[in-house]
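> So that you have it, the file is data20.txt, and it contains compact mmCIF, C-alpha atoms and all ligand atoms:
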# COMPACT_ATOMS: atom_id res chain seq x y z
CA MET Q 1 33.54 -69.48 199.36
CA LEU Q 2 30.10 -70.28 198.07
CA LYS Q 3 28.21 -67.01 198.24
CA ILE Q 4 24.80 -68.15 197.13
CA PHE Q 5 23.02 -64.77 197.48
CA GLU Q 6 25.65 -63.17 195.24
CA SER Q 7 25.33 -65.79 192.51
CA THR Q 8 23.04 -66.62 189.66
CA HIS Q 9 22.34 -70.31 189.24
CA ASP Q 10 25.07 -70.71 186.62
CA GLN Q 11 27.66 -68.87 188.70
CA PHE Q 12 26.76 -71.02 191.70
CA ALA Q 13 26.96 -74.22 189.63
CA GLU Q 14 30.39 -73.27 188.35
CA ALA Q 15 31.72 -72.55 191.84
CA PHE Q 16 30.13 -75.76 193.15
CA LEU Q 17 31.78 -77.84 190.44
CA ARG Q 18 35.18 -76.28 191.13
CA ARG Q 19 34.90 -76.85 194.85
CA TYR Q 20 33.25 -80.27 195.11
CA GLY Q 21 33.67 -81.77 191.67
CA LYS Q 22 29.89 -82.25 191.45
CA GLY Q 23 27.72 -81.15 188.55
CA THR Q 24 24.36 -79.45 188.24
CA HIS Q 25 22.46 -82.50 189.50
CA TYR Q 26 23.67 -81.40 192.94
CA SER Q 27 24.17 -77.65 192.60
CA THR Q 28 20.77 -77.03 191.00
CA ALA Q 29 19.08 -78.91 193.83
CA VAL Q 30 20.90 -76.80 196.41
CA TYR Q 31 20.25 -73.52 194.58
CA ARG Q 32 16.54 -74.19 194.16
CA HIS Q 33 16.17 -75.42 197.71
CA VAL Q 34 17.75 -72.31 199.23
CA MET Q 35 16.62 -69.58 196.86
CA LYS Q 36 13.16 -70.83 195.88
CA THR Q 37 11.96 -72.41 199.07
CA GLY Q 38 14.13 -70.66 201.65
CA GLY Q 39 15.41 -74.00 202.92
CA THR Q 40 18.39 -74.06 205.27
CA GLY Q 41 19.37 -77.66 206.01
CA LEU Q 42 20.48 -79.70 203.01
CA GLY Q 43 20.43 -83.15 204.64
CA GLY Q 44 16.85 -83.83 203.54
CA LEU Q 45 17.54 -83.32 199.84
CA ASP Q 46 17.28 -86.51 197.75
CA VAL Q 47 20.55 -85.84 195.98
CA PHE Q 48 22.44 -86.05 199.28
CA VAL Q 49 20.86 -89.26 200.59
CA ARG Q 50 24.01 -91.21 199.79
CA PHE Q 51 26.34 -88.30 200.67
CA PRO Q 52 25.38 -86.93 204.10
CA GLU Q 53 28.99 -85.80 204.68
CA LEU Q 54 28.92 -83.71 201.53
CA ALA Q 55 25.60 -82.16 202.56
CA ARG Q 56 27.13 -81.11 205.87
CA GLN Q 57 30.23 -79.74 204.19
CA VAL Q 58 28.23 -77.67 201.70
CA GLU Q 59 26.02 -76.40 204.48
CA ASN Q 60 29.05 -75.29 206.49
CA GLU Q 61 30.82 -73.69 203.58
CA MET Q 62 27.89 -71.94 201.95
CA VAL Q 63 28.00 -68.28 203.04
CA ARG Q 64 24.68 -66.68 203.82
CA SER Q 65 25.17 -63.43 205.70
CA PRO Q 66 22.76 -60.88 204.27
CA GLY Q 67 22.13 -59.44 207.74
CA ARG Q 68 19.72 -60.16 210.55
CA LEU Q 69 16.07 -59.19 210.73
CA VAL Q 70 15.83 -57.08 213.90
CA LYS Q 71 12.55 -55.22 213.67
CA GLN Q 72 9.31 -55.04 211.74
CA VAL Q 73 6.49 -52.55 212.02
CA ALA Q 74 3.15 -52.54 210.23
CA GLY Q 75 1.33 -49.29 209.65
CA GLY Q 76 -0.10 -47.06 206.97
CA GLY Q 77 -0.82 -50.09 204.81
CA VAL Q 78 2.81 -51.18 204.59
CA VAL Q 79 5.25 -53.29 206.58
CA LYS Q 80 8.69 -51.84 207.22
CA PHE Q 81 11.49 -54.07 208.39
CA VAL Q 82 15.01 -53.42 209.55
CA THR Q 83 17.99 -55.59 208.71
CA ARG Q 84 21.12 -55.28 210.85
CA LEU Q 85 24.20 -55.84 208.72
CA ALA Q 86 27.38 -57.61 209.82
CA ASP Q 87 29.05 -54.28 210.69
CA ASP Q 88 26.09 -53.29 212.86
CA LEU Q 89 24.60 -50.78 210.43
CA ASP Q 90 20.86 -50.93 209.83
CA ILE Q 91 18.93 -50.72 206.58
CA GLU Q 92 15.20 -50.50 206.02
CA SER Q 93 12.99 -52.22 203.48
CA VAL Q 94 9.26 -51.82 202.94
CA VAL Q 95 6.67 -54.36 201.84
CA VAL Q 96 3.75 -52.77 200.02
CA PRO Q 97 0.67 -54.81 199.13
CA MET Q 98 -0.21 -54.22 195.48
CA PHE Q 99 -3.31 -56.05 194.26
CA ARG Q 100 -2.53 -59.76 194.51
CA ARG Q 101 1.23 -59.38 194.64
CA HIS Q 102 3.52 -57.76 197.13
CA THR Q 103 6.06 -55.17 196.15
CA LEU Q 104 9.29 -54.83 198.08
CA CYS Q 105 11.09 -51.52 198.25
CA VAL Q 106 14.78 -52.34 198.78
CA SER Q 107 17.73 -50.24 199.88
CA SER Q 108 20.93 -50.18 197.83
CA GLN Q 109 23.21 -48.18 200.14
CA VAL Q 110 23.49 -47.29 203.81
CA GLY Q 111 22.70 -43.60 203.57
CA CYS Q 112 23.18 -41.65 200.37
CA ARG Q 113 25.54 -38.97 199.15
CA MET Q 114 23.19 -37.23 196.73
CA GLY Q 115 22.11 -34.75 199.39
CA CYS Q 116 18.57 -33.99 198.19
CA GLY Q 117 17.24 -31.25 200.43
CA PHE Q 118 13.89 -32.91 201.11
CA CYS Q 119 15.14 -36.42 201.90
CA ARG Q 120 15.94 -37.92 205.28
CA THR Q 121 18.30 -40.53 203.89
CA GLY Q 122 20.29 -37.78 202.23
CA GLN Q 123 20.90 -36.16 205.59
CA MET Q 124 22.84 -39.22 206.72
CA GLY Q 125 25.45 -38.94 203.99
CA LEU Q 126 26.79 -42.15 202.46
CA LEU Q 127 28.08 -44.70 204.96
CA ARG Q 128 28.68 -47.47 202.45
CA ASN Q 129 27.36 -49.42 199.47
CA LEU Q 130 25.39 -52.58 200.07
CA THR Q 131 26.84 -55.78 198.69
CA THR Q 132 24.84 -57.84 196.21
CA GLU Q 133 24.17 -60.29 199.01
CA GLU Q 134 22.74 -57.57 201.24
CA ILE Q 135 20.43 -56.37 198.47
CA VAL Q 136 19.22 -59.85 197.51
CA GLY Q 137 18.96 -60.72 201.21
CA GLN Q 138 16.17 -58.14 201.66
CA VAL Q 139 14.02 -59.99 199.13
CA PHE Q 140 14.92 -63.33 200.69
CA THR Q 141 13.94 -62.06 204.15
CA ALA Q 142 10.62 -60.61 202.96
CA ARG Q 143 9.70 -63.75 201.11
CA HIS Q 144 11.07 -66.56 203.20
CA GLN Q 145 11.28 -65.14 206.72
CA LEU Q 146 8.27 -62.82 206.72
CA GLY Q 147 6.23 -64.91 204.28
CA PHE Q 148 5.23 -62.20 201.78
CA ASP Q 149 4.70 -63.26 198.19
CA VAL Q 150 7.06 -60.62 196.81
CA ARG Q 151 6.73 -60.39 193.03
CA ASN Q 152 7.83 -56.81 192.39
CA VAL Q 153 11.04 -55.18 193.51
CA VAL Q 154 11.66 -51.44 193.44
CA PHE Q 155 15.03 -49.89 194.23
CA MET Q 156 13.50 -46.92 196.02
CA GLY Q 157 14.76 -47.47 199.54
CA MET Q 158 17.85 -45.94 201.09
CA GLY Q 159 20.50 -44.90 198.64
CA GLU Q 160 20.99 -44.09 194.98
CA PRO Q 161 21.13 -47.43 193.13
CA LEU Q 162 23.08 -46.06 190.18
CA ASP Q 163 25.79 -44.95 192.61
CA ASN Q 164 26.24 -48.66 193.43
CA LEU Q 165 25.64 -49.90 189.94
CA ASP Q 166 27.80 -53.04 189.79
CA ASN Q 167 26.24 -54.57 192.89
CA VAL Q 168 22.74 -53.50 191.84
CA VAL Q 169 23.12 -54.99 188.36
CA GLN Q 170 24.41 -58.27 189.82
CA ALA Q 171 21.52 -58.25 192.32
CA ILE Q 172 19.06 -57.84 189.43
CA ARG Q 173 20.63 -60.84 187.70
CA VAL Q 174 20.29 -62.94 190.85
CA LEU Q 175 16.72 -61.79 191.56
CA ALA Q 176 15.65 -62.49 187.98
CA ASP Q 177 17.12 -66.01 187.81
CA GLN Q 178 14.21 -68.35 187.14
CA ARG Q 179 15.86 -71.15 189.05
CA GLY Q 180 16.02 -68.97 192.13
CA LEU Q 181 13.95 -66.02 193.28
CA ASP Q 182 12.47 -65.66 189.80
CA ILE Q 183 11.38 -62.02 189.77
CA ALA Q 184 10.82 -61.05 186.15
CA ARG Q 185 12.79 -58.01 185.01
CA ARG Q 186 9.60 -56.28 183.95
CA TYR Q 187 8.64 -56.33 187.64
CA ILE Q 188 11.89 -54.72 188.77
CA THR Q 189 12.21 -50.92 188.90
CA VAL Q 190 15.40 -48.96 189.48
CA SER Q 191 14.80 -45.46 190.77
CA THR Q 192 17.43 -42.80 190.30
CA VAL Q 193 17.98 -39.20 191.17
CA GLY Q 194 18.98 -38.80 187.52
CA LEU Q 195 22.62 -39.84 187.17
CA VAL Q 196 23.02 -39.49 183.42
CA ALA Q 197 26.07 -41.75 183.04
CA GLY Q 198 24.51 -44.35 185.33
CA ILE Q 199 21.33 -44.49 183.25
CA GLY Q 200 23.43 -45.21 180.17
CA ARG Q 201 25.42 -47.89 181.99
CA LEU Q 202 22.26 -49.52 183.33
CA ALA Q 203 20.82 -49.68 179.82
CA LYS Q 204 23.98 -51.44 178.60
CA ALA Q 205 24.71 -53.63 181.61
CA ASP Q 206 21.25 -55.01 182.00
CA GLU Q 207 20.63 -57.83 179.50
CA GLY Q 208 16.91 -57.57 179.95
CA ARG Q 209 15.00 -54.39 180.56
CA VAL Q 210 14.14 -53.27 184.00
CA ASN Q 211 11.87 -50.31 184.59
CA LEU Q 212 13.35 -46.93 185.27
CA ALA Q 213 12.04 -44.34 187.70
CA VAL Q 214 13.44 -40.84 188.09
CA SER Q 215 13.03 -38.43 190.99
CA LEU Q 216 12.52 -35.22 189.05
CA ASN Q 217 10.90 -32.88 191.54
CA ALA Q 218 11.44 -29.63 189.67
CA PRO Q 219 10.61 -28.12 186.29
CA THR Q 220 13.71 -25.93 185.93
CA ASP Q 221 17.44 -26.27 186.54
CA GLU Q 222 17.33 -23.37 188.95
CA ILE Q 223 14.82 -25.03 191.28
CA ARG Q 224 16.18 -28.51 190.80
CA SER Q 225 19.75 -27.50 191.61
CA MET Q 226 18.48 -25.81 194.75
CA ILE Q 227 16.74 -28.91 196.13
CA MET Q 228 18.83 -31.59 194.37
CA PRO Q 229 22.55 -30.73 194.20
CA ILE Q 230 23.14 -33.53 191.69
CA ASN Q 231 21.35 -31.40 189.08
CA ARG Q 232 24.38 -29.09 188.89
CA SER Q 233 26.40 -31.83 187.22
CA ASN Q 234 23.43 -33.65 185.63
CA PRO Q 235 21.16 -30.87 184.35
CA LEU Q 236 17.66 -31.39 183.03
CA ALA Q 237 18.55 -31.31 179.33
CA ALA Q 238 21.19 -34.02 179.72
CA LEU Q 239 18.79 -36.06 181.85
CA LYS Q 240 16.06 -35.80 179.22
CA ALA Q 241 18.47 -36.96 176.51
CA ALA Q 242 19.46 -39.99 178.64
CA LEU Q 243 15.81 -40.82 179.28
CA ARG Q 244 15.00 -40.66 175.59
CA ARG Q 245 17.79 -43.14 174.90
CA TYR Q 246 16.78 -45.58 177.65
CA PRO Q 247 15.49 -48.80 176.05
CA LEU Q 248 12.06 -49.25 177.58
CA ALA Q 249 10.31 -52.57 177.49
CA LYS Q 250 7.11 -52.78 175.47
CA LYS Q 251 4.15 -51.11 177.17
CA SER Q 252 6.50 -49.62 179.72
CA ALA Q 253 7.00 -45.96 180.55
CA ILE Q 254 9.50 -44.05 182.65
CA LEU Q 255 8.11 -43.38 186.08
CA ILE Q 256 8.70 -39.77 187.09
CA GLY Q 257 8.46 -38.79 190.75
CA TYR Q 258 7.55 -35.19 191.58
CA VAL Q 259 7.44 -34.28 195.25
CA LEU Q 260 5.26 -31.18 195.46
CA ILE Q 261 6.70 -28.66 197.93
CA ALA Q 262 4.78 -25.52 198.86
CA ASP Q 263 6.29 -22.30 197.48
CA VAL Q 264 9.14 -24.19 195.83
CA ASN Q 265 7.85 -26.12 192.80
CA ASP Q 266 4.07 -25.74 192.95
CA ARG Q 267 3.30 -22.65 190.89
CA PRO Q 268 1.01 -22.77 187.81
CA GLU Q 269 3.93 -21.99 185.47
CA HIS Q 270 5.86 -24.89 187.01
CA ALA Q 271 3.09 -27.27 185.91
CA LEU Q 272 3.29 -25.87 182.39
CA THR Q 273 7.09 -26.10 182.19
CA LEU Q 274 6.96 -29.60 183.61
CA SER Q 275 4.41 -30.72 181.02
CA ARG Q 276 6.63 -29.37 178.22
CA TYR Q 277 9.65 -31.15 179.64
CA LEU Q 278 7.78 -34.45 179.75
CA SER Q 279 5.98 -34.16 176.42
CA PRO Q 280 8.60 -35.95 174.25
CA LEU Q 281 9.04 -38.71 176.83
CA LYS Q 282 7.01 -41.85 177.35
CA ALA Q 283 6.46 -41.10 181.00
CA LYS Q 284 4.02 -41.46 183.86
CA LEU Q 285 4.17 -38.86 186.58
CA ASN Q 286 3.56 -39.60 190.25
CA LEU Q 287 2.64 -36.45 192.13
CA ILE Q 288 3.60 -36.73 195.78
CA PRO Q 289 2.72 -34.16 198.44
CA TYR Q 290 5.82 -33.33 200.48
CA ASN Q 291 5.64 -34.69 204.00
CA PRO Q 292 8.05 -32.54 206.03
CA ALA Q 293 10.55 -34.17 208.32
CA PRO Q 294 10.84 -32.63 211.80
CA GLY Q 295 12.88 -29.46 211.58
CA SER Q 296 12.51 -29.16 207.81
CA GLU Q 297 12.24 -25.66 206.39
CA MET Q 298 10.22 -26.83 203.42
CA LYS Q 299 6.46 -27.02 203.68
CA ALA Q 300 3.81 -29.46 202.52
CA PRO Q 301 1.36 -28.18 199.91
CA SER Q 302 -2.18 -27.53 201.08
CA PRO Q 303 -4.72 -30.10 199.85
CA GLU Q 304 -6.20 -27.39 197.58
CA GLY Q 305 -2.76 -26.45 196.25
CA TYR Q 306 -2.03 -30.08 195.51
CA GLU Q 307 -5.34 -30.52 193.69
CA ARG Q 308 -4.81 -27.34 191.67
CA PHE Q 309 -1.37 -28.49 190.53
CA TYR Q 310 -2.73 -31.93 189.69
CA ALA Q 311 -5.60 -30.44 187.67
CA ARG Q 312 -3.19 -28.22 185.70
CA LEU Q 313 -1.09 -31.22 184.75
CA VAL Q 314 -4.20 -33.10 183.67
CA ALA Q 315 -5.25 -30.10 181.59
CA GLU Q 316 -1.81 -30.19 179.93
CA LYS Q 317 -2.43 -33.86 179.12
CA VAL Q 318 0.28 -35.21 181.41
CA PHE Q 319 -0.26 -38.83 182.48
CA VAL Q 320 -0.30 -38.09 186.20
CA ARG Q 321 -1.29 -40.12 189.24
CA ARG Q 322 -1.91 -38.98 192.77
CA ARG Q 323 0.44 -40.59 195.27
CA GLY Q 324 1.02 -40.30 198.97
CA GLU Q 325 -1.32 -42.66 200.78
CA LYS Q 326 -0.43 -45.99 202.31
CA GLY Q 327 3.20 -46.06 201.42
CA GLY Q 328 2.39 -44.79 197.97
CA GLY Q 329 5.11 -42.20 198.29
CA ILE Q 330 7.64 -44.96 198.61
CA MET Q 331 6.40 -46.34 195.35
CA ALA Q 332 6.67 -43.08 193.60
CA ALA Q 333 10.03 -41.53 194.27
CA CYS Q 334 13.53 -42.36 195.23
CA GLY Q 335 14.85 -43.36 198.66
CA GLN Q 336 12.74 -41.84 201.35
CA LEU Q 337 13.65 -44.07 204.24
CA GLY Q 338 15.48 -43.30 207.44
CA GLY Q 339 18.63 -44.51 209.04
CA LYS Q 340 19.74 -46.35 212.12
CA ASN Q 341 18.96 -43.55 214.50
CA GLN Q 342 15.70 -42.56 212.95
CA THR Q 343 12.32 -43.80 213.98
CA LEU Q 344 11.11 -46.76 212.07
CA ASP Q 345 7.53 -45.65 212.12
CA SER Q 346 8.34 -42.26 210.64
CA LYS Q 347 6.37 -41.83 207.46
CA PRO Q 348 8.05 -41.70 204.08
CA LEU Q 349 8.21 -38.23 202.61
CA GLY Q 350 5.67 -39.05 199.96
S1 LIG Q 401 16.06 -38.68 197.40
FE1 LIG Q 401 17.21 -40.52 196.79
S2 LIG Q 401 19.05 -39.73 195.82
FE2 LIG Q 401 18.17 -38.02 196.98
S3 LIG Q 401 19.26 -38.08 198.96
FE3 LIG Q 401 17.37 -39.26 199.15
S4 LIG Q 401 17.96 -41.39 198.74
FE4 LIG Q 401 19.58 -40.07 197.96
Give the structure from the file, written as structure tokens.


Amino acid sequence: MLKIFESTHDQFAEAFLRRYGKGTHYSTAVYRHVMKTGGTGLGGLDVFVRFPELARQVENEMVRSPGRLVKQVAGGGVVKFVTRLADDLDIESVVVPMFRRHTLCVSSQVGCRMGCGFCRTGQMGLLRNLTTEEIVGQVFTARHQLGFDVRNVVFMGMGEPLDNLDNVVQAIRVLADQRGLDIARRYITVSTVGLVAGIGRLAKADEGRVNLAVSLNAPTDEIRSMIMPINRSNPLAALKAALRRYPLAKKSAILIGYVLIADVNDRPEHALTLSRYLSPLKAKLNLIPYNPAPGSEMKAPSPEGYERFYARLVAEKVFVRRRGEKGGGIMAACGQLGGKNQTLDSKPLG
């Protein structure tokens, strides 16, 4: 089978040669046509003028099943869209306008098993990993079906990308292929809850350097373990060591997400402890006011409380940015999207 969304150009060319005995003159034309321009029919390609039968055969045998676009909603400065997968599960993706480019927030799993107490996706549990094709398909849909000039990709949608590392790494390779979707690695960000082993594997598996974002959300192990169960097996000290080892690209910094929750992680001493934790790291902090889901026991900070915490971090010389407006929360922390039975227009937590 020719799974074009799962393949880099070279992998596709190799499979094409094996199957049809034709070299890159043909396979490159097909790959560029589909991945770069979003073309479907191959009959119009020059290389097939003398081989219409072959064009039809390739068309029939080339598998493209990344899911079906079933819904899109614009609001709050972003466009969310839902893809229905072959097994009838739904995933969400979000297009966020950023200056002249568009950023796409992609999902990497249906649901998530990390169980963070403040996250709607976590409440679903993990239903399954997305395939490489289903991850790449979200970018393809945003660019070629919805017409957005997507130039940045952030793995901050549903799921923990490092819990589906093989498919995510292959998706990065496909997305970054210059003969296809051509999204430079410096414009790709993987956001994690802080899986220490996964961060190490990403650093090794990824030939180029993608950006790393971490949902930190707490200054101490005690608080973090309470709201993020994963901290019990991946405590803050081990996480910091992994972050210090991560090979950042030049001029790049680790993006730290901190969802500020009233009476949980918003005290003055928390700001101080947080600043000490971050001080040896090359990091930028996004401070996100918690946006409670219906029925949540946790509370949003007051605007004054948020500003006070922000000012304390600034006073401690933390590189901190306010986040939370117009989909900004999506851009600042890990997977805050809903599931099949949740309302599409529900706001992200941030
Ligand atoms: S915040 Fe991220 S890692 Fe935690 S449950 Fe939600 S999607 Fe999973």

> Extract, using only C-alpha atoms, all DNA, RNA and protein residues at most 7 Å from Ile91 (chain Q), discarding same-chain residues fewer than 3 positions from it, and format them as a list in words.

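The contact residues come out as Val82, Thr83, Arg84, Ser107, Val110 and Gly339 of chain Q.
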
> Which protein, DNA or RNA residues have an atom within 9 Å of ligand LIG 401 (chain Q), counting all atoms listed in the file, as JSON, numbers by chain?

{"Q": [107, 109, 111, 112, 113, 114, 115, 116, 117, 118, 119, 120, 121, 122, 123, 124, 125, 126, 156, 157, 158, 159, 160, 161, 191, 192, 193, 194, 215, 228, 229, 230, 333, 334, 335, 336, 337]}

> Output C-alpha atoms of each residue in that selection to a file, as a short mmCIF file (atom, residue, chain, number, x, y, z; two decimals), in the coordinates of the input.


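Saved the output as result.cif:
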data_model
loop_
_atom_site.label_atom_id
_atom_site.label_comp_id
_atom_site.auth_asym_id
_atom_site.auth_seq_id
_atom_site.Cartn_x
_atom_site.Cartn_y
_atom_site.Cartn_z
CA SER Q 107 17.73 -50.24 199.88
CA GLN Q 109 23.21 -48.18 200.14
CA GLY Q 111 22.70 -43.60 203.57
CA CYS Q 112 23.18 -41.65 200.37
CA ARG Q 113 25.54 -38.97 199.15
CA MET Q 114 23.19 -37.23 196.73
CA GLY Q 115 22.11 -34.75 199.39
CA CYS Q 116 18.57 -33.99 198.19
CA GLY Q 117 17.24 -31.25 200.43
CA PHE Q 118 13.89 -32.91 201.11
CA CYS Q 119 15.14 -36.42 201.90
CA ARG Q 120 15.94 -37.92 205.28
CA THR Q 121 18.30 -40.53 203.89
CA GLY Q 122 20.29 -37.78 202.23
CA GLN Q 123 20.90 -36.16 205.59
CA MET Q 124 22.84 -39.22 206.72
CA GLY Q 125 25.45 -38.94 203.99
CA LEU Q 126 26.79 -42.15 202.46
CA MET Q 156 13.50 -46.92 196.02
CA GLY Q 157 14.76 -47.47 199.54
CA MET Q 158 17.85 -45.94 201.09
CA GLY Q 159 20.50 -44.90 198.64
CA GLU Q 160 20.99 -44.09 194.98
CA PRO Q 161 21.13 -47.43 193.13
CA SER Q 191 14.80 -45.46 190.77
CA THR Q 192 17.43 -42.80 190.30
CA VAL Q 193 17.98 -39.20 191.17
CA GLY Q 194 18.98 -38.80 187.52
CA SER Q 215 13.03 -38.43 190.99
CA MET Q 228 18.83 -31.59 194.37
CA PRO Q 229 22.55 -30.73 194.20
CA ILE Q 230 23.14 -33.53 191.69
CA ALA Q 333 10.03 -41.53 194.27
CA CYS Q 334 13.53 -42.36 195.23
CA GLY Q 335 14.85 -43.36 198.66
CA GLN Q 336 12.74 -41.84 201.35
CA LEU Q 337 13.65 -44.07 204.24
#

> How far is it from CA of Leu216 (chain Q) to CA of Ala176 (chain Q), in Å with one decimal?

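CA of Leu216 (chain Q) sits 27.5 Å away from CA of Ala176 (chain Q).
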
> Figure out the distance between CA of Asp163 (chain Q) and CA of Leu127 (chain Q), please, to one decimal in Å.

12.6 Å

> Hey, what's within 10 Å of Thr40 (chain Q) if we count all atoms listed in the file and toss same-chain stuff fewer than 5 positions away? As a list in words, please?

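Near Thr40 (chain Q), the qualifying residues are Val30, His33, Val34, Met35, Glu59 and Arg64 of chain Q.
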
> How would you write as number ranges by chain the residues that get within 7 Å of (23.3, -56.5, 195.5) in the file's frame, counting only C-alpha atoms?

Q: 130-136, 167-168, 170-171

> Using only C-alpha atoms, can you tell me which of Q:Ala13, Q:Ala253, Q:Ala271, Q:Val49 comes closest to Leu313 (chain Q)?

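The shortest atom-to-atom distance to Leu313 (chain Q) comes from Q:Ala271.
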
> Given the choices Q:Pro280, Q:Phe140, Q:Leu272, Q:Gln72, which gets closest to Ile183 (chain Q) if the distance is worked out from all atoms listed in the file?

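Among the listed residues, Q:Phe140 lies closest to Ile183 (chain Q).
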
> If you measure from CA of Arg32 (chain Q) to CA of Glu6 (chain Q), what distance in Å do you get, rounded to one decimal?

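About the pair CA of Arg32 (chain Q) and CA of Glu6 (chain Q): they are 14.3 Å apart.
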
> Could you pull the residues within 8 Å of Ile4 (chain Q), counting all atoms listed in the file, minus those fewer than 4 positions along the same chain, as a compact mmCIF listing (two decimals) with C-alpha atoms, in the frame of the given file?


# COMPACT_ATOMS: atom_id res chain seq x y z
CA THR Q 8 23.04 -66.62 189.66
CA PHE Q 12 26.76 -71.02 191.70
CA TYR Q 31 20.25 -73.52 194.58
CA MET Q 62 27.89 -71.94 201.95
CA VAL Q 63 28.00 -68.28 203.04
CA ARG Q 64 24.68 -66.68 203.82

> Given all atoms listed in the file as the basis, pick out the residue of Q:Ala205, Q:Val95, Q:Leu281, Q:Leu243 nearest to Gly75 (chain Q).

Q:Val95

> Val47 (chain Q): which residues within 9 Å, counting all atoms listed in the file, same-chain residues fewer than 4 positions away excluded, as a PyMOL selection string?

chain Q and resi 25-26+29+51

> Between Q:Leu202, Q:Tyr187, Q:Gln178, Q:His270, which has the minimum distance to Thr220 (chain Q) (counting all atoms listed in the file)?

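Closest to Thr220 (chain Q) of all the choices is Q:His270.
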
> As a list in words, please: the residues near Arg186 (chain Q) (cut-off 8 Å, all atoms listed in the file, same-chain neighbours under 3 positions excluded).

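Residues meeting the cut-off are Thr189, Arg209, Val210, Asn211 and Ala249 of chain Q.
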
> Would you export the selected residues with C-alpha atoms as a PDB file, in the coordinates of the input, please?


ATOM      1  CA  THR Q 189      12.210 -50.920 188.900  1.00  0.00           C
ATOM      2  CA  ARG Q 209      15.000 -54.390 180.560  1.00  0.00           C
ATOM      3  CA  VAL Q 210      14.140 -53.270 184.000  1.00  0.00           C
ATOM      4  CA  ASN Q 211      11.870 -50.310 184.590  1.00  0.00           C
ATOM      5  CA  ALA Q 249      10.310 -52.570 177.490  1.00  0.00           C
TER       6      ALA Q 249
END

> Measuring between all atoms listed in the file, which one of Q:Asn217, Q:Glu304, Q:Pro97, Q:Val174 shows the shortest distance to Gln11 (chain Q)?

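Among the listed residues, the smallest separation from Gln11 (chain Q) belongs to Q:Val174.
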
> Dump as a list in words all residues having an atom at most 12 Å from (12.3, -27.4, 206.1), computed in the file's coordinates with all atoms listed in the file.

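Using all atoms listed in the file, the matching residues come out as Gly117, Phe118, Cys119, Arg120, Ile227, Ile261, Ala262, Asp263, Val264, Tyr290, Asn291, Pro292, Ala293, Pro294, Gly295, Ser296, Glu297, Met298, Lys299 and Ala300 of chain Q.
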
> Looking at Q:Ala242, Q:Leu146, Q:Ile254, Q:Val96, which one is nearest to Val214 (chain Q), with distances taken over all atoms listed in the file?

Q:Ile254

> Save region 272-283 of chain Q of the structure in the block above to a file, with N, CA and C atoms included, as a PDB file, in the first residue's frame.


ATOM      1  N   LEU Q 272       7.976  32.539  43.923  1.00  0.00           N
ATOM      2  CA  LEU Q 272       9.406  32.534  44.246  1.00  0.00           C
ATOM      3  C   LEU Q 272      10.023  31.155  43.952  1.00  0.00           C
ATOM      4  N   THR Q 273       9.356  30.113  44.413  1.00  0.00           N
ATOM      5  CA  THR Q 273       9.875  28.751  44.179  1.00  0.00           C
ATOM      6  C   THR Q 273       9.939  28.451  42.683  1.00  0.00           C
ATOM      7  N   LEU Q 274       8.927  28.903  41.979  1.00  0.00           N
ATOM      8  CA  LEU Q 274       8.896  28.692  40.530  1.00  0.00           C
ATOM      9  C   LEU Q 274      10.078  29.401  39.862  1.00  0.00           C
ATOM     10  N   SER Q 275      10.339  30.633  40.273  1.00  0.00           N
ATOM     11  CA  SER Q 275      11.440  31.375  39.651  1.00  0.00           C
ATOM     12  C   SER Q 275      12.779  30.678  39.919  1.00  0.00           C
ATOM     13  N   ARG Q 276      12.926  30.101  41.099  1.00  0.00           N
ATOM     14  CA  ARG Q 276      14.179  29.387  41.410  1.00  0.00           C
ATOM     15  C   ARG Q 276      14.308  28.129  40.569  1.00  0.00           C
ATOM     16  N   TYR Q 277      13.181  27.454  40.393  1.00  0.00           N
ATOM     17  CA  TYR Q 277      13.198  26.233  39.584  1.00  0.00           C
ATOM     18  C   TYR Q 277      13.627  26.546  38.144  1.00  0.00           C
ATOM     19  N   LEU Q 278      13.125  27.671  37.635  1.00  0.00           N
ATOM     20  CA  LEU Q 278      13.379  27.999  36.228  1.00  0.00           C
ATOM     21  C   LEU Q 278      14.740  28.650  35.997  1.00  0.00           C
ATOM     22  N   SER Q 279      15.339  29.185  37.060  1.00  0.00           N
ATOM     23  CA  SER Q 279      16.526  30.030  36.856  1.00  0.00           C
ATOM     24  C   SER Q 279      17.672  29.363  36.086  1.00  0.00           C
ATOM     25  N   PRO Q 280      17.953  28.067  36.257  1.00  0.00           N
ATOM     26  CA  PRO Q 280      19.060  27.512  35.449  1.00  0.00           C
ATOM     27  C   PRO Q 280      18.646  27.119  34.025  1.00  0.00           C
ATOM     28  N   LEU Q 281      17.362  27.265  33.727  1.00  0.00           N
ATOM     29  CA  LEU Q 281      16.885  26.819  32.407  1.00  0.00           C
ATOM     30  C   LEU Q 281      16.747  27.990  31.447  1.00  0.00           C
ATOM     31  N   LYS Q 282      16.940  27.712  30.169  1.00  0.00           N
ATOM     32  CA  LYS Q 282      16.636  28.720  29.158  1.00  0.00           C
ATOM     33  C   LYS Q 282      15.154  28.547  28.840  1.00  0.00           C
ATOM     34  N   ALA Q 283      14.327  29.327  29.505  1.00  0.00           N
ATOM     35  CA  ALA Q 283      12.892  29.049  29.426  1.00  0.00           C
ATOM     36  C   ALA Q 283      12.075  30.332  29.310  1.00  0.00           C
TER      37      ALA Q 283
END
